[in-house]
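Structure below is coords.cif: mmCIF, C-alpha atoms.
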data_run
#
loop_
_atom_site.label_atom_id
_atom_site.label_comp_id
_atom_site.auth_asym_id
_atom_site.auth_seq_id
_atom_site.Cartn_x
_atom_site.Cartn_y
_atom_site.Cartn_z
CA MET A 1 107.10 112.85 83.81
CA GLU A 2 108.14 109.80 85.77
CA GLU A 3 111.23 109.45 83.61
CA ALA A 4 112.67 112.82 84.67
CA ALA A 5 115.59 112.77 87.10
CA ALA A 6 114.67 113.04 90.76
CA THR A 7 115.34 116.13 92.83
CA ILE A 8 117.95 115.05 95.37
CA ARG A 9 119.19 116.82 98.48
CA VAL A 10 121.97 115.23 100.55
CA GLU A 11 123.53 116.88 103.59
CA VAL A 12 126.10 115.67 106.12
CA ARG A 13 126.89 118.31 108.72
CA GLU A 14 126.88 119.42 112.34
CA GLY A 15 123.96 121.16 114.01
CA ALA A 16 120.23 120.54 114.07
CA LEU A 17 118.85 119.28 110.76
CA SER A 18 116.86 121.61 108.53
CA ILE A 19 113.76 119.46 108.31
CA GLU A 20 110.89 120.93 106.32
CA PRO A 21 107.34 119.69 106.03
CA VAL A 22 106.79 117.48 103.01
CA ARG A 23 105.95 119.72 100.09
CA LEU A 24 105.48 118.26 96.62
CA GLU A 25 107.23 119.90 93.72
CA GLU A 26 104.65 118.79 91.22
CA PRO A 27 101.22 118.12 92.72
CA GLY A 28 99.36 115.41 90.87
CA ARG A 29 102.40 113.33 90.00
CA ASP A 30 103.16 111.80 93.39
CA GLY A 31 101.04 109.46 95.48
CA ALA A 32 103.37 108.65 98.35
CA ALA A 33 105.88 110.25 100.67
CA VAL A 34 107.79 108.15 103.18
CA VAL A 35 109.69 110.00 105.90
CA PHE A 36 112.12 108.43 108.35
CA HIS A 37 113.64 109.88 111.50
CA GLY A 38 116.54 108.04 113.08
CA ILE A 39 116.65 109.29 116.65
CA VAL A 40 119.35 109.01 119.32
CA ARG A 41 118.25 106.61 122.06
CA GLY A 42 119.08 107.01 125.74
CA GLN A 43 120.85 103.67 125.97
CA GLU A 44 123.89 102.26 124.22
CA ASN A 45 124.96 98.69 125.00
CA GLY A 46 122.84 98.73 128.14
CA ALA A 47 124.36 101.91 129.61
CA ARG A 48 122.53 105.24 129.95
CA ILE A 49 123.94 107.90 127.67
CA GLU A 50 123.30 111.59 127.12
CA ALA A 51 124.36 111.93 123.52
CA ILE A 52 126.07 110.26 120.60
CA GLU A 53 129.05 111.91 119.02
CA TYR A 54 129.20 111.00 115.35
CA GLU A 55 132.69 110.92 113.88
CA CYS A 56 132.70 111.28 110.11
CA HIS A 57 134.99 111.31 107.08
CA VAL A 58 132.93 114.20 105.79
CA ALA A 59 134.19 114.54 102.23
CA MET A 60 133.95 110.81 101.60
CA ALA A 61 130.60 110.51 103.39
CA ARG A 62 129.09 113.17 101.14
CA VAL A 63 130.38 111.48 97.99
CA GLN A 64 129.20 108.03 99.07
CA LEU A 65 125.80 109.19 100.29
CA GLU A 66 125.18 111.29 97.21
CA ARG A 67 125.95 108.29 95.01
CA ILE A 68 123.71 105.97 97.03
CA ALA A 69 120.89 108.51 96.89
CA ARG A 70 121.22 108.97 93.16
CA ARG A 71 121.30 105.23 92.51
CA ILE A 72 118.25 104.55 94.67
CA ALA A 73 116.24 107.46 93.31
CA ARG A 74 116.82 106.13 89.82
CA ALA A 75 116.21 102.47 90.70
CA HIS A 76 112.86 103.27 92.30
CA ALA A 77 111.84 106.09 89.95
CA LEU A 78 111.52 108.54 92.84
CA SER A 79 110.51 112.13 92.25
CA GLU A 80 112.30 113.57 95.27
CA LEU A 81 114.79 112.27 97.80
CA VAL A 82 116.13 114.13 100.82
CA VAL A 83 118.81 112.61 103.08
CA LEU A 84 120.21 114.59 105.98
CA HIS A 85 122.77 113.11 108.40
CA ARG A 86 123.74 115.10 111.44
CA ILE A 87 127.29 114.58 112.76
CA GLY A 88 129.15 115.80 115.84
CA VAL A 89 127.30 115.64 119.15
CA VAL A 90 123.61 114.71 118.86
CA PRO A 91 121.71 114.73 122.17
CA VAL A 92 119.38 111.88 123.15
CA GLY A 93 115.92 112.32 121.60
CA GLU A 94 117.14 114.31 118.60
CA THR A 95 117.19 113.20 114.99
CA SER A 96 120.54 112.07 113.58
CA LEU A 97 119.19 110.81 110.24
CA TYR A 98 116.30 112.29 108.29
CA LEU A 99 115.07 110.90 105.03
CA CYS A 100 112.14 111.71 102.75
CA ALA A 101 111.34 109.68 99.64
CA VAL A 102 108.59 110.95 97.33
CA SER A 103 107.26 108.74 94.57
CA PRO A 104 104.24 108.26 92.35
CA HIS A 105 103.74 104.92 94.09
CA ARG A 106 103.77 103.70 97.67
CA PRO A 107 105.82 100.47 97.41
CA SER A 108 108.73 102.21 95.72
CA ALA A 109 108.80 104.97 98.33
CA PHE A 110 108.97 102.42 101.16
CA ALA A 111 111.52 100.23 99.39
CA ALA A 112 113.73 103.21 98.55
CA ALA A 113 113.73 104.52 102.11
CA GLN A 114 114.67 101.16 103.59
CA GLU A 115 117.32 100.38 100.99
CA LEU A 116 118.90 103.77 101.41
CA ILE A 117 119.24 103.26 105.15
CA GLU A 118 120.75 99.79 104.64
CA GLU A 119 123.32 101.09 102.20
CA LEU A 120 124.11 104.10 104.35
CA LYS A 121 124.72 101.78 107.30
CA ARG A 122 127.04 99.68 105.18
CA ASP A 123 129.10 102.21 103.22
CA VAL A 124 128.97 105.76 104.57
CA PRO A 125 132.01 106.47 106.82
CA ILE A 126 130.34 107.59 110.04
CA TRP A 127 131.05 106.18 113.51
CA LYS A 128 129.34 106.49 116.88
CA HIS A 129 130.85 107.40 120.23
CA ALA A 130 128.56 107.30 123.27
CA ARG A 131 128.70 110.26 125.61
CA GLY A 132 127.75 109.49 129.19
CA ALA A 133 126.18 111.65 131.87
CA HIS A 134 129.56 113.04 132.96
CA GLY A 135 130.93 113.68 129.52
CA ILE A 136 133.08 110.54 129.69
CA ARG A 137 134.02 109.39 126.27
CA GLU A 138 136.61 107.29 124.66
CA ARG A 139 138.81 109.91 123.09
CA MET B 1 109.05 100.70 129.22
CA GLU B 2 108.73 98.88 125.91
CA GLU B 3 106.00 96.72 127.42
CA ALA B 4 103.69 99.68 128.08
CA ALA B 5 100.73 100.10 125.73
CA ALA B 6 101.31 102.39 122.78
CA THR B 7 99.72 105.81 122.50
CA ILE B 8 97.29 105.51 119.59
CA ARG B 9 95.42 108.21 117.69
CA VAL B 10 93.02 107.23 114.91
CA GLU B 11 90.86 109.71 113.01
CA VAL B 12 88.52 109.31 110.04
CA ARG B 13 86.89 112.57 109.05
CA GLU B 14 86.36 115.30 106.49
CA GLY B 15 88.59 118.33 106.12
CA ALA B 16 92.34 118.82 106.05
CA LEU B 17 94.24 116.48 108.36
CA SER B 18 95.71 117.80 111.59
CA ILE B 19 99.29 116.72 110.90
CA GLU B 20 101.79 117.68 113.56
CA PRO B 21 105.57 117.43 113.44
CA VAL B 22 106.88 114.21 114.98
CA ARG B 23 107.31 114.83 118.69
CA LEU B 24 108.40 112.00 120.98
CA GLU B 25 106.50 111.47 124.17
CA GLU B 26 109.45 109.95 125.96
CA PRO B 27 112.81 111.03 124.56
CA GLY B 28 115.43 108.36 124.95
CA ARG B 29 113.11 105.43 124.43
CA ASP B 30 112.54 105.66 120.70
CA GLY B 31 115.02 105.32 117.88
CA ALA B 32 112.78 105.47 114.83
CA ALA B 33 109.78 107.31 113.44
CA VAL B 34 108.31 106.34 110.08
CA VAL B 35 105.81 108.74 108.53
CA PHE B 36 103.70 108.06 105.45
CA HIS B 37 101.63 110.43 103.36
CA GLY B 38 99.21 108.93 100.88
CA ILE B 39 98.54 111.73 98.41
CA VAL B 40 95.81 112.13 95.78
CA ARG B 41 97.31 111.82 92.32
CA GLY B 42 96.14 113.75 89.28
CA GLN B 43 95.28 110.66 87.28
CA GLU B 44 92.82 107.86 87.88
CA ASN B 45 92.67 105.02 85.34
CA GLY B 46 94.49 107.17 82.81
CA ALA B 47 92.10 110.13 83.02
CA ARG B 48 92.96 113.51 84.51
CA ILE B 49 91.07 114.21 87.71
CA GLU B 50 90.79 117.15 90.07
CA ALA B 51 89.95 115.35 93.27
CA ILE B 52 88.95 112.08 94.84
CA GLU B 53 85.76 111.86 96.82
CA TYR B 54 86.11 109.24 99.53
CA GLU B 55 82.88 107.55 100.51
CA CYS B 56 83.02 105.95 103.94
CA HIS B 57 81.01 103.88 106.40
CA VAL B 58 82.35 106.15 109.11
CA ALA B 59 81.30 104.31 112.26
CA MET B 60 82.55 100.99 110.95
CA ALA B 61 85.73 102.50 109.51
CA ARG B 62 86.66 103.97 112.88
CA VAL B 63 86.08 100.67 114.66
CA GLN B 64 88.03 98.67 112.09
CA LEU B 65 90.92 101.12 111.85
CA GLU B 66 91.20 101.48 115.61
CA ARG B 67 91.39 97.71 115.95
CA ILE B 68 94.01 97.37 113.20
CA ALA B 69 96.07 100.13 114.79
CA ARG B 70 95.90 98.55 118.22
CA ARG B 71 96.85 95.12 116.93
CA ILE B 72 99.78 96.42 114.91
CA ALA B 73 101.07 98.67 117.68
CA ARG B 74 101.11 95.66 119.99
CA ALA B 75 102.58 93.22 117.46
CA HIS B 76 105.49 95.56 116.70
CA ALA B 77 105.91 96.98 120.22
CA LEU B 78 105.37 100.53 118.96
CA SER B 79 105.44 103.48 121.32
CA GLU B 80 103.13 105.72 119.32
CA LEU B 81 100.91 105.26 116.31
CA VAL B 82 98.91 107.97 114.54
CA VAL B 83 96.57 107.15 111.64
CA LEU B 84 94.49 109.87 110.02
CA HIS B 85 92.25 109.19 107.02
CA ARG B 86 90.59 112.10 105.32
CA ILE B 87 87.20 111.43 103.69
CA GLY B 88 84.87 113.49 101.51
CA VAL B 89 86.45 115.49 98.69
CA VAL B 90 90.27 115.52 98.73
CA PRO B 91 91.87 117.68 96.00
CA VAL B 92 94.78 116.42 93.91
CA GLY B 93 98.11 116.90 95.71
CA GLU B 94 96.61 116.74 99.21
CA THR B 95 97.12 113.99 101.77
CA SER B 96 94.30 111.48 102.18
CA LEU B 97 96.16 109.13 104.53
CA TYR B 98 98.70 110.13 107.15
CA LEU B 99 100.47 107.65 109.34
CA CYS B 100 103.23 107.95 111.93
CA ALA B 101 104.75 104.91 113.68
CA VAL B 102 107.24 105.52 116.49
CA SER B 103 109.28 102.65 117.86
CA PRO B 104 112.49 101.92 119.73
CA HIS B 105 113.69 100.14 116.62
CA ARG B 106 113.74 100.94 112.91
CA PRO B 107 112.62 97.61 111.37
CA SER B 108 109.49 97.45 113.51
CA ALA B 109 108.51 101.02 112.62
CA PHE B 110 108.80 100.28 108.90
CA ALA B 111 107.04 96.92 109.16
CA ALA B 112 104.21 98.40 111.21
CA ALA B 113 103.62 101.27 108.79
CA GLN B 114 103.48 98.99 105.76
CA GLU B 115 101.31 96.36 107.45
CA LEU B 116 98.89 98.97 108.66
CA ILE B 117 98.42 100.34 105.15
CA GLU B 118 97.92 96.81 103.75
CA GLU B 119 95.25 96.01 106.34
CA LEU B 120 93.57 99.37 105.91
CA LYS B 121 93.37 98.76 102.17
CA ARG B 122 91.83 95.36 102.80
CA ASP B 123 89.34 95.96 105.61
CA VAL B 124 88.44 99.59 106.21
CA PRO B 125 85.19 100.51 104.42
CA ILE B 126 86.26 103.48 102.32
CA TRP B 127 85.69 103.87 98.58
CA LYS B 128 87.02 106.25 95.96
CA HIS B 129 85.11 108.29 93.40
CA ALA B 130 87.10 110.31 90.90
CA ARG B 131 86.04 113.90 90.33
CA GLY B 132 86.92 115.32 86.94
CA ALA B 133 87.64 118.84 85.83
CA HIS B 134 83.96 119.61 85.35
CA GLY B 135 82.72 118.10 88.53
CA ILE B 136 81.42 115.03 86.70
CA ARG B 137 81.05 112.15 89.03
CA GLU B 138 79.12 108.94 89.20
CA ARG B 139 76.47 109.79 91.74
CA MET C 1 156.90 109.18 97.46
CA GLU C 2 154.76 110.03 100.48
CA VAL C 3 151.22 108.98 101.19
CA VAL C 4 148.99 109.71 104.18
CA PHE C 5 146.98 107.18 106.13
CA LEU C 6 143.85 108.60 107.73
CA LEU C 7 142.79 106.70 110.84
CA TRP C 8 139.18 106.61 111.99
CA ALA C 9 137.20 105.59 115.07
CA GLN C 10 138.73 102.69 117.00
CA ILE C 11 141.84 102.66 114.82
CA ARG C 12 142.39 106.37 115.45
CA ILE C 13 141.89 105.78 119.17
CA ALA C 14 144.25 102.78 119.24
CA ALA C 15 146.91 104.71 117.33
CA GLY C 16 146.49 107.83 119.43
CA ARG C 17 146.51 109.98 116.31
CA ASP C 18 144.40 110.57 113.24
CA ARG C 19 147.03 110.35 110.48
CA ILE C 20 150.31 108.60 109.69
CA ARG C 21 152.55 109.81 106.87
CA MET C 22 154.53 107.10 105.19
CA THR C 23 157.07 106.79 102.40
CA VAL C 24 156.32 104.17 99.75
CA PRO C 25 157.99 103.38 96.43
CA ALA C 26 156.60 105.22 93.42
CA GLY C 27 153.89 103.10 91.81
CA ALA C 28 153.04 101.35 95.09
CA THR C 29 149.64 99.67 95.29
CA VAL C 30 147.10 100.08 98.05
CA SER C 31 147.86 96.59 99.37
CA SER C 32 151.63 97.09 99.46
CA ALA C 33 151.22 100.41 101.30
CA VAL C 34 148.80 98.85 103.78
CA ASP C 35 151.17 95.92 104.36
CA ARG C 36 153.95 98.37 105.08
CA LEU C 37 151.74 100.31 107.53
CA TYR C 38 150.96 97.17 109.53
CA ALA C 39 154.62 96.15 109.45
CA GLU C 40 155.68 99.50 110.88
CA HIS C 41 152.74 99.68 113.32
CA PRO C 42 152.10 96.11 114.43
CA SER C 43 149.58 97.22 117.09
CA LEU C 44 147.22 98.13 114.24
CA GLU C 45 147.51 94.72 112.57
CA ARG C 46 144.54 93.44 114.57
CA PHE C 47 142.20 95.72 112.60
CA ARG C 48 143.31 94.26 109.27
CA THR C 49 140.45 91.77 108.89
CA THR C 50 137.68 94.26 109.63
CA VAL C 51 138.78 97.46 107.92
CA ARG C 52 138.00 98.50 104.38
CA VAL C 53 140.38 100.76 102.54
CA ALA C 54 139.49 103.98 100.74
CA VAL C 55 141.67 106.31 98.71
CA GLY C 56 140.40 109.87 98.77
CA ASN C 57 136.60 109.63 98.80
CA GLU C 58 136.29 106.19 97.20
CA TYR C 59 136.64 102.64 98.39
CA ALA C 60 139.68 101.18 96.66
CA THR C 61 140.73 97.75 95.45
CA PRO C 62 144.06 96.30 96.68
CA ASP C 63 145.69 96.69 93.26
CA ARG C 64 144.88 100.39 92.96
CA ILE C 65 148.10 102.32 92.16
CA LEU C 66 148.79 105.22 94.53
CA GLU C 67 149.74 108.75 93.52
CA PRO C 68 151.98 110.97 95.67
CA ASP C 69 150.25 112.49 98.71
CA GLU C 70 147.07 110.51 98.29
CA GLU C 71 145.03 109.94 101.44
CA ILE C 72 144.38 106.32 102.33
CA SER C 73 141.60 105.83 104.87
CA LEU C 74 141.33 102.73 107.02
CA ILE C 75 137.58 102.40 107.46
CA PRO C 76 136.41 100.25 110.37
CA PRO C 77 132.81 99.00 110.20
CA VAL C 78 130.64 102.08 109.86
CA GLN C 79 127.81 103.00 112.23
CA GLY C 80 125.83 105.82 110.68
CA GLY C 81 122.07 106.24 110.84
CA MET D 1 61.21 91.55 112.16
CA GLU D 2 62.83 94.32 110.13
CA VAL D 3 66.45 94.75 109.23
CA VAL D 4 68.16 97.43 107.15
CA PHE D 5 70.62 96.86 104.34
CA LEU D 6 73.14 99.65 103.88
CA LEU D 7 74.44 99.91 100.33
CA TRP D 8 77.84 101.36 99.53
CA ALA D 9 79.79 102.56 96.52
CA GLN D 10 78.95 100.74 93.27
CA ILE D 11 76.10 98.81 94.94
CA ARG D 12 74.57 102.04 96.22
CA ILE D 13 74.95 103.55 92.75
CA ALA D 14 73.44 100.49 91.02
CA ALA D 15 70.48 100.42 93.43
CA GLY D 16 69.97 104.18 93.22
CA ARG D 17 69.62 104.41 97.00
CA ASP D 18 71.70 103.88 100.08
CA ARG D 19 69.44 101.63 102.14
CA ILE D 20 66.78 98.94 101.74
CA ARG D 21 64.51 97.95 104.62
CA MET D 22 63.46 94.32 104.58
CA THR D 23 61.31 92.01 106.66
CA VAL D 24 62.90 88.71 107.67
CA PRO D 25 61.77 85.93 110.04
CA ALA D 26 62.83 86.31 113.68
CA GLY D 27 66.11 84.47 114.17
CA ALA D 28 67.13 84.89 110.53
CA THR D 29 70.82 84.54 109.75
CA VAL D 30 72.94 86.90 107.74
CA SER D 31 73.05 84.49 104.81
CA SER D 32 69.29 83.97 104.72
CA ALA D 33 68.67 87.73 104.82
CA VAL D 34 71.22 88.33 102.07
CA ASP D 35 69.66 85.58 99.94
CA ARG D 36 66.30 87.24 100.36
CA LEU D 37 67.75 90.64 99.36
CA TYR D 38 69.17 89.24 96.13
CA ALA D 39 65.90 87.41 95.42
CA GLU D 40 63.91 90.62 95.80
CA HIS D 41 66.52 92.77 94.01
CA PRO D 42 67.98 90.52 91.29
CA SER D 43 69.91 93.43 89.74
CA LEU D 44 72.16 93.37 92.81
CA GLU D 45 72.87 89.66 92.52
CA ARG D 46 75.94 90.35 90.35
CA PHE D 47 77.73 91.87 93.34
CA ARG D 48 77.30 88.71 95.41
CA THR D 49 80.71 87.19 94.68
CA THR D 50 82.68 90.34 95.51
CA VAL D 51 80.90 91.85 98.50
CA ARG D 52 81.67 91.14 102.11
CA VAL D 53 78.92 91.49 104.68
CA ALA D 54 79.07 93.47 107.90
CA VAL D 55 76.52 93.81 110.68
CA GLY D 56 76.80 97.11 112.50
CA ASN D 57 80.50 97.92 112.60
CA GLU D 58 81.82 94.36 112.27
CA TYR D 59 82.31 91.93 109.44
CA ALA D 60 79.90 89.05 109.99
CA THR D 61 79.88 85.35 109.25
CA PRO D 62 76.97 83.87 107.23
CA ASP D 63 75.56 82.06 110.26
CA ARG D 64 75.39 85.18 112.42
CA ILE D 65 71.84 85.52 113.87
CA LEU D 66 70.25 88.92 113.23
CA GLU D 67 68.49 91.10 115.80
CA PRO D 68 65.62 93.42 114.91
CA ASP D 69 66.65 96.67 113.18
CA GLU D 70 70.24 95.66 112.77
CA GLU D 71 72.11 97.29 109.91
CA ILE D 72 73.62 94.93 107.37
CA SER D 73 76.25 96.51 105.12
CA LEU D 74 77.15 95.12 101.73
CA ILE D 75 80.82 96.04 101.44
CA PRO D 76 82.30 96.02 97.94
CA PRO D 77 86.11 95.82 97.70
CA VAL D 78 87.40 98.77 99.69
CA GLN D 79 89.72 101.44 98.32
CA GLY D 80 91.01 103.51 101.20
CA GLY D 81 94.49 104.90 101.58
#
Turn the structure described in the file into structure tokens.
Amino acid sequence: MEEAAATIRVEVREGALSIEPVRLEEPGRDGAAVVFHGIVRGQENGARIEAIEYECHVAMARVQLERIARRIARAHALSELVVLHRIGVVPVGETSLYLCAVSPHRPSAFAAAQELIEELKRDVPIWKHARGAHGIRER
Amino acid sequence: MEEAAATIRVEVREGALSIEPVRLEEPGRDGAAVVFHGIVRGQENGARIEAIEYECHVAMARVQLERIARRIARAHALSELVVLHRIGVVPVGETSLYLCAVSPHRPSAFAAAQELIEELKRDVPIWKHARGAHGIRER
Amino acid sequence: MEVVFLLWAQIRIAAGRDRIRMTVPAGATVSSAVDRLYAEHPSLERFRTTVRVAVGNEYATPDRILEPDEEISLIPPVQGG
Amino acid sequence: MEVVFLLWAQIRIAAGRDRIRMTVPAGATVSSAVDRLYAEHPSLERFRTTVRVAVGNEYATPDRILEPDEEISLIPPVQGG
């Protein structure tokens, strides 16, 4: 069973993320689920902010993220991998990046989650713009 | 704010875990939440099983786990740390260990989660007994 | 033939627009088109050392041959997550 | 004075019970009490190299002095998570 391709869900879009509780597709196979929430902080370069606006080359971001997810799921023999990136305006305290890696084994789930974030932060065309208390922003 | 002591919740007990969605106590402070589910697999040493029965020195386990959690929360400047270990009979596919580490920063949340699991697996007095399809077990 | 440069983040802001159409010789490579862009828009030259170049949805090598109307993105360091 | 050994997992199963009361001299150390346990219950001796010893809720060093009625746990390699 561990050789089968992983179930992968990748989304890059505006609006609150559709985060579901971890539910295993095949109970008995998997021993570990690692979930990550990347959350918008209230400070950016020392200044108080109210939100981050994420600019995104959406078509390219989806292609790149999908490829990264597929490569990492295979490399770590994951069973399931969900990656959701919210774009547009994301208020402070809300999740901009959600990730869930399910695997038979714990180390691979942790390694996959961390690698995926590293690669996302290197290759997926998304940029941040801080939004201050008075809606001041750079464009 | 990052100097304040973390909010810590540690539980070791029978019955399904009281897992709540990640909710931040202080929005704006935290940028990362790492959640881990350790799940009972359907195989143990190559044989099909139906459940794991976790034996536990409960009083000692609570003391040890609480101390590990406190040390790790401090070492990684976490904001919140939840560790729930289910004991007694845990059916295949259900969560035996739940962990949530909330931090201003991503690397510390990941490091804390993984370190906590390592230390738990070294020092917290809990033992596994496989339960087969016919309820056969070793005691 | 015509190609389209898509500008993102600080490059978009510096240029004051999100795309620049440009005429290049048929068979032009990514690097020759990019050189021409910087020559025609010298204020963008300062981004040269930090941007990566994509064609369509894929990062592209400098010797990649362009087709008519392809979209060339100048990708400043990304900040997702 | 009396102390109580608590037996866990494979040691409990091997002994067929979960505790053994034992009389030790006042001021006995953990290591002297454990030595006496193995002397009186040689079938448990084989666990000696893998168990860790706790008193109450804390792991204990061999030279730890015991108090009356303290609980000494023989902790085989743990398997939580």
Q: Let me know the residues the PyMOL selection byres ((chain D) within 9 of (chain B)) catches in the file above, as a ChimeraX atom specification.
A: /D:8-9,13,16,54,56-59,73,75-81
Q: Up to 9 Å from chain B, what residues of chain A turn up? Count all atoms listed in the file and give them as a PyMOL selection string.
A: chain A and resi 21-22+24+26-43+49-50+92-95+104+106-107+110+114
Please, can I see chain B fitted onto chain A by all in-order Cα atoms (least squares), as a short mmCIF file (atom, residue, chain, number, x, y, z; two decimals) with C-alpha atoms, in the frame of the given file?
data_model
loop_
_atom_site.label_atom_id
_atom_site.label_comp_id
_atom_site.auth_asym_id
_atom_site.auth_seq_id
_atom_site.Cartn_x
_atom_site.Cartn_y
_atom_site.Cartn_z
CA MET B 1 107.20 112.86 83.81
CA GLU B 2 108.21 109.79 85.78
CA GLU B 3 111.30 109.46 83.59
CA ALA B 4 112.71 112.83 84.66
CA ALA B 5 115.62 112.77 87.11
CA ALA B 6 114.68 113.04 90.76
CA THR B 7 115.35 116.13 92.83
CA ILE B 8 117.97 115.05 95.36
CA ARG B 9 119.21 116.82 98.49
CA VAL B 10 121.97 115.24 100.57
CA GLU B 11 123.54 116.89 103.60
CA VAL B 12 126.11 115.68 106.13
CA ARG B 13 126.90 118.30 108.73
CA GLU B 14 126.89 119.41 112.34
CA GLY B 15 123.98 121.16 114.02
CA ALA B 16 120.25 120.56 114.06
CA LEU B 17 118.86 119.29 110.76
CA SER B 18 116.88 121.62 108.53
CA ILE B 19 113.75 119.46 108.33
CA GLU B 20 110.91 120.94 106.33
CA PRO B 21 107.34 119.69 106.04
CA VAL B 22 106.80 117.47 103.01
CA ARG B 23 105.97 119.72 100.09
CA LEU B 24 105.49 118.25 96.62
CA GLU B 25 107.23 119.90 93.73
CA GLU B 26 104.66 118.78 91.22
CA PRO B 27 101.24 118.10 92.73
CA GLY B 28 99.38 115.41 90.87
CA ARG B 29 102.41 113.33 90.02
CA ASP B 30 103.16 111.80 93.39
CA GLY B 31 101.05 109.47 95.48
CA ALA B 32 103.39 108.64 98.35
CA ALA B 33 105.90 110.24 100.68
CA VAL B 34 107.80 108.14 103.20
CA VAL B 35 109.70 109.99 105.91
CA PHE B 36 112.12 108.43 108.38
CA HIS B 37 113.65 109.88 111.52
CA GLY B 38 116.55 108.03 113.08
CA ILE B 39 116.64 109.28 116.66
CA VAL B 40 119.35 109.00 119.33
CA ARG B 41 118.23 106.62 122.05
CA GLY B 42 119.07 107.00 125.72
CA GLN B 43 120.84 103.66 125.96
CA GLU B 44 123.89 102.28 124.22
CA ASN B 45 124.95 98.70 125.00
CA GLY B 46 122.81 98.75 128.13
CA ALA B 47 124.34 101.91 129.60
CA ARG B 48 122.53 105.23 129.95
CA ILE B 49 123.95 107.90 127.67
CA GLU B 50 123.29 111.58 127.12
CA ALA B 51 124.34 111.91 123.52
CA ILE B 52 126.04 110.25 120.60
CA GLU B 53 129.03 111.88 119.01
CA TYR B 54 129.18 110.98 115.34
CA GLU B 55 132.66 110.91 113.88
CA CYS B 56 132.70 111.27 110.11
CA HIS B 57 135.00 111.31 107.09
CA VAL B 58 132.93 114.19 105.79
CA ALA B 59 134.20 114.52 102.23
CA MET B 60 133.94 110.80 101.61
CA ALA B 61 130.59 110.51 103.38
CA ARG B 62 129.08 113.17 101.14
CA VAL B 63 130.36 111.48 98.00
CA GLN B 64 129.18 108.04 99.07
CA LEU B 65 125.78 109.20 100.30
CA GLU B 66 125.16 111.30 97.22
CA ARG B 67 125.92 108.31 95.02
CA ILE B 68 123.68 105.98 97.04
CA ALA B 69 120.87 108.52 96.90
CA ARG B 70 121.20 108.98 93.16
CA ARG B 71 121.26 105.25 92.49
CA ILE B 72 118.24 104.56 94.68
CA ALA B 73 116.23 107.47 93.32
CA ARG B 74 116.80 106.13 89.82
CA ALA B 75 116.19 102.47 90.68
CA HIS B 76 112.84 103.27 92.30
CA ALA B 77 111.82 106.10 89.94
CA LEU B 78 111.51 108.54 92.84
CA SER B 79 110.52 112.14 92.27
CA GLU B 80 112.31 113.59 95.28
CA LEU B 81 114.77 112.27 97.81
CA VAL B 82 116.13 114.14 100.84
CA VAL B 83 118.80 112.62 103.09
CA LEU B 84 120.21 114.59 106.00
CA HIS B 85 122.75 113.11 108.41
CA ARG B 86 123.72 115.09 111.45
CA ILE B 87 127.28 114.59 112.76
CA GLY B 88 129.14 115.81 115.84
CA VAL B 89 127.30 115.64 119.16
CA VAL B 90 123.61 114.70 118.87
CA PRO B 91 121.70 114.71 122.19
CA VAL B 92 119.37 111.87 123.16
CA GLY B 93 115.91 112.31 121.61
CA GLU B 94 117.15 114.32 118.62
CA THR B 95 117.19 113.19 114.99
CA SER B 96 120.53 112.05 113.59
CA LEU B 97 119.18 110.80 110.25
CA TYR B 98 116.29 112.29 108.31
CA LEU B 99 115.07 110.87 105.05
CA CYS B 100 112.15 111.71 102.77
CA ALA B 101 111.35 109.68 99.63
CA VAL B 102 108.60 110.95 97.33
CA SER B 103 107.28 108.73 94.57
CA PRO B 104 104.24 108.24 92.36
CA HIS B 105 103.76 104.90 94.07
CA ARG B 106 103.77 103.69 97.67
CA PRO B 107 105.81 100.46 97.41
CA SER B 108 108.72 102.20 95.71
CA ALA B 109 108.81 104.96 98.33
CA PHE B 110 108.98 102.41 101.15
CA ALA B 111 111.52 100.22 99.37
CA ALA B 112 113.72 103.20 98.54
CA ALA B 113 113.72 104.51 102.11
CA GLN B 114 114.66 101.15 103.60
CA GLU B 115 117.31 100.38 100.98
CA LEU B 116 118.88 103.77 101.41
CA ILE B 117 119.23 103.27 105.16
CA GLU B 118 120.72 99.78 104.64
CA GLU B 119 123.32 101.10 102.19
CA LEU B 120 124.10 104.09 104.36
CA LYS B 121 124.71 101.77 107.30
CA ARG B 122 127.03 99.67 105.16
CA ASP B 123 129.07 102.22 103.22
CA VAL B 124 128.96 105.75 104.58
CA PRO B 125 131.98 106.45 106.82
CA ILE B 126 130.33 107.58 110.04
CA TRP B 127 131.04 106.18 113.50
CA LYS B 128 129.33 106.49 116.86
CA HIS B 129 130.82 107.39 120.22
CA ALA B 130 128.56 107.30 123.25
CA ARG B 131 128.69 110.25 125.61
CA GLY B 132 127.71 109.50 129.19
CA ALA B 133 126.19 111.67 131.85
CA HIS B 134 129.57 113.02 132.91
CA GLY B 135 130.93 113.68 129.50
CA ILE B 136 133.11 110.56 129.64
CA ARG B 137 134.04 109.44 126.21
CA GLU B 138 136.72 107.37 124.60
CA ARG B 139 138.87 110.03 123.02
#
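All residues of protein, DNA or RNA that reach within 12 Å of segment 42-45 of chain D, judged by only C-alpha atoms and not counting those fewer than 5 positions away in the chain, are Leu7, Trp8, Gln10, Ile11, Arg12, Ile13, Ala14, Ala15, Gly16, Ile20, Val34, Asp35, Arg36, Leu37, Thr50, Val51, Leu74 and Pro76 of chain D.
Taking atom CA of Val12 of chain A as the reference point, atom CA of Ala112 of chain A is found at 19.1 Å.
Of note, atom CA of Thr61 of chain D and atom CA of Ser31 of chain D are spaced 8.2 Å apart.
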